[in-house]
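Report on the structure given below.
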Amino acid sequence: MDQLALLFVLLLGALVSVPVGDRLGVPAPVLMTLFGGVLAVADFVPDVNIPPELILPGLLPPLLYAAVRRTSWRQFAANIRPIFLLAVALVFVTTVCVAFVANAIVPGLPIAAAVALGALIAPPDPVAATSVAGQLGLPRRLVSILEGEGLFNDVTAIVLYHVAIAAAVSGTFSPWRAGLDLVLSAVVAVAVGLVLGWGANRVMDLLGDPTLQIGMTLLVPYASYVLAEKLHGSGVLAVLTTALFLAEYATDADDVMTRLAGHTFWDIIDTLVTGVAFGLIGLELHNAIRTAQGRWGEMLGWAAAVVGVVVVVRLVWLLPAAWLTQRLHARRDYDEEIPVSRRETVVMWWSGMRGVASVALALAVPLKTGDGSPFPDRDEIIFIAFGVIVATLVVQGLTLPWLVKRLGVQADSEREKEFEKELAVRAAKAAKRRLREIEQVEELPEELSEQMLRRAFDIGIRISPDMGEAERREAQQQRVKRLKRVRRIQGEMLSAARHEVLAARSEPGADPEVVDRVLRHLDVRSLR
């Protein structure tokens, strides 16, 4: 098997792991990591030779962009304090604690190299957290905080990592310079993200075609990441800023085709890239295994000690942090989404899985220092890092569903239904208001006006069948039955129309482009 064949195997595994994981109750990223680990020890599978400097820019931009599409700036703003405590403060604390322990237990490990180890394993992975936690029906506030932590903590960790690596390579370190680098990195990233977001929004307006617009959304995250890195900014923060800008300002309510196709496209990209990323984590285990030859007991002890530090520090930090955010929240007069119980805090603690960013940073540790000597304890750093990644991702990923079920932490489905009903009512009222405005300008026949009024009500019913509870319940239930029957019959009619049009594609003289255009119109009509 060559490298290209291995890539296709990972892509196939990314697709298969989703239904298999659903059936087994195991998160797909965990399955892909285990699958990659099995491939890593197989004799016929080649070593993965991906330059470390290409892993982060190759995998993170689309994963971050796909994650941001599922959230909004409002959710980040509502959780700014808990996200700050997790994404910035906890990364610093974890880095310091890991560096202290690693420097004490690993003979000859310099403090700068120990800080680099702490920085690269400090940030929980945004893809792992959202992929695993998002499938468990957790309260939305928890998922929002985990998403915010995972998306923003890489910014802090990567800056700390680069500062520590520079200190280890050059032998000098300036805390003032490190703080200045962190601030400048953030400023440059936000500026790049806003400029590219604004520019991409204008370019997509000019492109017009949904296919071209979606293609533009694939290029923009990479451009934002690379440009920010070239200007010594944070590529991760630049991608987040660009994605949030586009999510806020590049959405046209009437652009149905782009929205439908865009969601489908990014779901596919997210599934494939996530599968490949976590498959690579498993495949890279062969490097760690090779490093530990003859030293298993000693190196496993170091890795276990650091895993314990990472897990314990997160719990010790989260308990008072959750209490503090609740106390501050009590003094505010607006609704902020924060953990409301210790059970939810425990779930947040156990959701701190490491992943893609930690792997990329571990593999990117340089081979030599500035004077040409080998980088101190590079093999030990990589082994410990992979020990933390595998332990947190596999052990916590496999046990998190059990923990969530045991603690009874679930989303408030009634609240979600009420909000859905509220949106359905607002949508129906907006349609009715627009109908009244049209009637003031155009003279509509009474029969047509009544029909359109019923259609406006149907808009809300299709979103939430319970919307009509405030009106006569029996009449509403009969209306829902009729609506379902109409939709079923209409669906069968449209299905027959699609089959007929599709059959025409193979007829002599048929123009496939025309057939596909007509079929696309029928597909969109079927979704209404």
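By order in the structure tokens, chains are A, B, ...; within a chain, residues start at 1; ligands start at 1, following the order shown.
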
Using only C-alpha atoms, what table do you get, as a tab-separated table, when you list each residue of range 189-303 of chain A with an atom no more than 12 Å from range 99-118 of chain A, its nearest pair of atoms, and their distance in Å rounded to one decimal, rows by chain then rising number?
residue	atom	partner	partner_atom	distance
A:Glu298	CA	A:Val106	CA	9.4
A:Met299	CA	A:Val106	CA	8.9
A:Leu300	CA	A:Val106	CA	11.6
A:Gly301	CA	A:Ile105	CA	9.4
A:Trp302	CA	A:Ile105	CA	6.9
A:Ala303	CA	A:Ala102	CA	9.2

Discussion item. Show me, as a ChimeraX atom specification, the residues that have an atom within 12 Å of Ala292 in chain A when counting only C-alpha atoms, minus same-chain residues fewer than 3 positions from it.
Written reply: /A:285-289,295-303,379-384,386-387

Discussion item. Can you pull out the residues contacting Pro51 in chain A? Cut-off 9 Å, using only C-alpha atoms, and skip same-chain residues under 2 positions away; I want them as a list of chain:residue names.
Written reply: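 The neighbour list is A:Asn49, A:Glu53, A:Leu54, A:Ile55, A:Leu363, A:Ala364.
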
Generate the output file for the selected residues, C-alpha atoms, as a short mmCIF file (atom, residue, chain, number, x, y, z; two decimals), in the first residue's frame.
data_model
loop_
_atom_site.label_atom_id
_atom_site.label_comp_id
_atom_site.auth_asym_id
_atom_site.auth_seq_id
_atom_site.Cartn_x
_atom_site.Cartn_y
_atom_site.Cartn_z
CA ASN A 49 5.50 11.12 5.57
CA GLU A 53 4.49 22.24 8.92
CA LEU A 54 1.69 21.24 6.52
CA ILE A 55 -0.57 19.46 9.02
CA LEU A 363 5.55 16.60 15.14
CA ALA A 364 6.69 20.16 14.40
#

Worksheet item: Within 12 Å of Trp176 in chain A, counting only C-alpha atoms, which residues qualify if same-chain residues fewer than 6 places away don't, as a list of chain:residue names?
Response: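 The residues that qualify are A:Val163, A:Leu182, A:Val183.
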
Worksheet item: Can you tell me, as a PyMOL selection string, what residues are no more than 7 Å from range 187-204 of chain A when counting only C-alpha atoms, ignoring any on the same chain fewer than 6 positions away?
Response: chain A and resi 213+224+228+233-235+237-239+241-242+245-246+250

May I have the residues from that selection written out with N, CA and C atoms, as an mmCIF file, in the first residue's frame?
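Below you can see part.cif, which holds the result:
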data_model
loop_
_atom_site.group_PDB
_atom_site.id
_atom_site.type_symbol
_atom_site.label_atom_id
_atom_site.label_comp_id
_atom_site.auth_asym_id
_atom_site.auth_seq_id
_atom_site.Cartn_x
_atom_site.Cartn_y
_atom_site.Cartn_z
ATOM 1 N N GLN A 213 -19.726 30.489 -5.378
ATOM 2 C CA GLN A 213 -19.727 31.045 -4.026
ATOM 3 C C GLN A 213 -19.280 30.013 -2.995
ATOM 4 N N SER A 224 -7.028 32.970 4.713
ATOM 5 C CA SER A 224 -6.971 33.692 5.981
ATOM 6 C C SER A 224 -5.872 33.134 6.877
ATOM 7 N N ALA A 228 -2.358 35.323 7.617
ATOM 8 C CA ALA A 228 -2.098 35.716 9.006
ATOM 9 C C ALA A 228 -0.759 35.165 9.490
ATOM 10 N N GLY A 233 0.849 36.620 12.551
ATOM 11 C CA GLY A 233 -0.358 36.611 13.362
ATOM 12 C C GLY A 233 -0.820 35.192 13.611
ATOM 13 N N SER A 234 -1.919 35.041 14.324
ATOM 14 C CA SER A 234 -2.480 33.722 14.613
ATOM 15 C C SER A 234 -3.389 33.290 13.470
ATOM 16 N N GLY A 235 -2.986 32.240 12.764
ATOM 17 C CA GLY A 235 -3.815 31.741 11.673
ATOM 18 C C GLY A 235 -5.153 31.228 12.158
ATOM 19 N N LEU A 237 -6.954 32.250 14.848
ATOM 20 C CA LEU A 237 -7.840 33.367 15.168
ATOM 21 C C LEU A 237 -8.294 34.081 13.900
ATOM 22 N N ALA A 238 -7.441 34.165 12.892
ATOM 23 C CA ALA A 238 -7.833 34.794 11.633
ATOM 24 C C ALA A 238 -8.960 34.024 10.961
ATOM 25 N N VAL A 239 -8.861 32.689 10.939
ATOM 26 C CA VAL A 239 -9.922 31.873 10.352
ATOM 27 C C VAL A 239 -11.227 32.051 11.120
ATOM 28 N N THR A 241 -12.183 34.647 12.879
ATOM 29 C CA THR A 241 -12.726 35.985 12.614
ATOM 30 C C THR A 241 -13.382 36.047 11.251
ATOM 31 N N THR A 242 -12.729 35.486 10.247
ATOM 32 C CA THR A 242 -13.305 35.478 8.897
ATOM 33 C C THR A 242 -14.616 34.711 8.867
ATOM 34 N N PHE A 245 -17.406 36.595 10.599
ATOM 35 C CA PHE A 245 -17.835 37.731 9.782
ATOM 36 C C PHE A 245 -18.758 37.258 8.664
ATOM 37 N N LEU A 246 -18.364 36.209 7.963
ATOM 38 C CA LEU A 246 -19.177 35.713 6.851
ATOM 39 C C LEU A 246 -20.504 35.148 7.351
ATOM 40 N N ALA A 250 -22.727 37.575 5.405
ATOM 41 C CA ALA A 250 -22.783 37.038 4.044
ATOM 42 C C ALA A 250 -23.966 36.111 3.835
#

Practice prompt. Could you give me, as a list in words, the residues within 10 Å of Val45 in chain A, counting only C-alpha atoms and dropping anything in the same chain fewer than 5 positions from it?
Written response: Met1, Asp2, Gln3, Ala5, Leu6, Val38, Leu39, Ala40 and Leu283 of chain A

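Nearest residue to Leu4 in chain A among A:Val48, A:Leu260, A:Val346, A:Leu219 is A:Val48, counting only C-alpha atoms.
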
Discussion item. Would you compute the distance between CA of Val514 in chain A and CA of Val501 in chain A? Give it in Å to one decimal.
Written reply: 10.0 Å
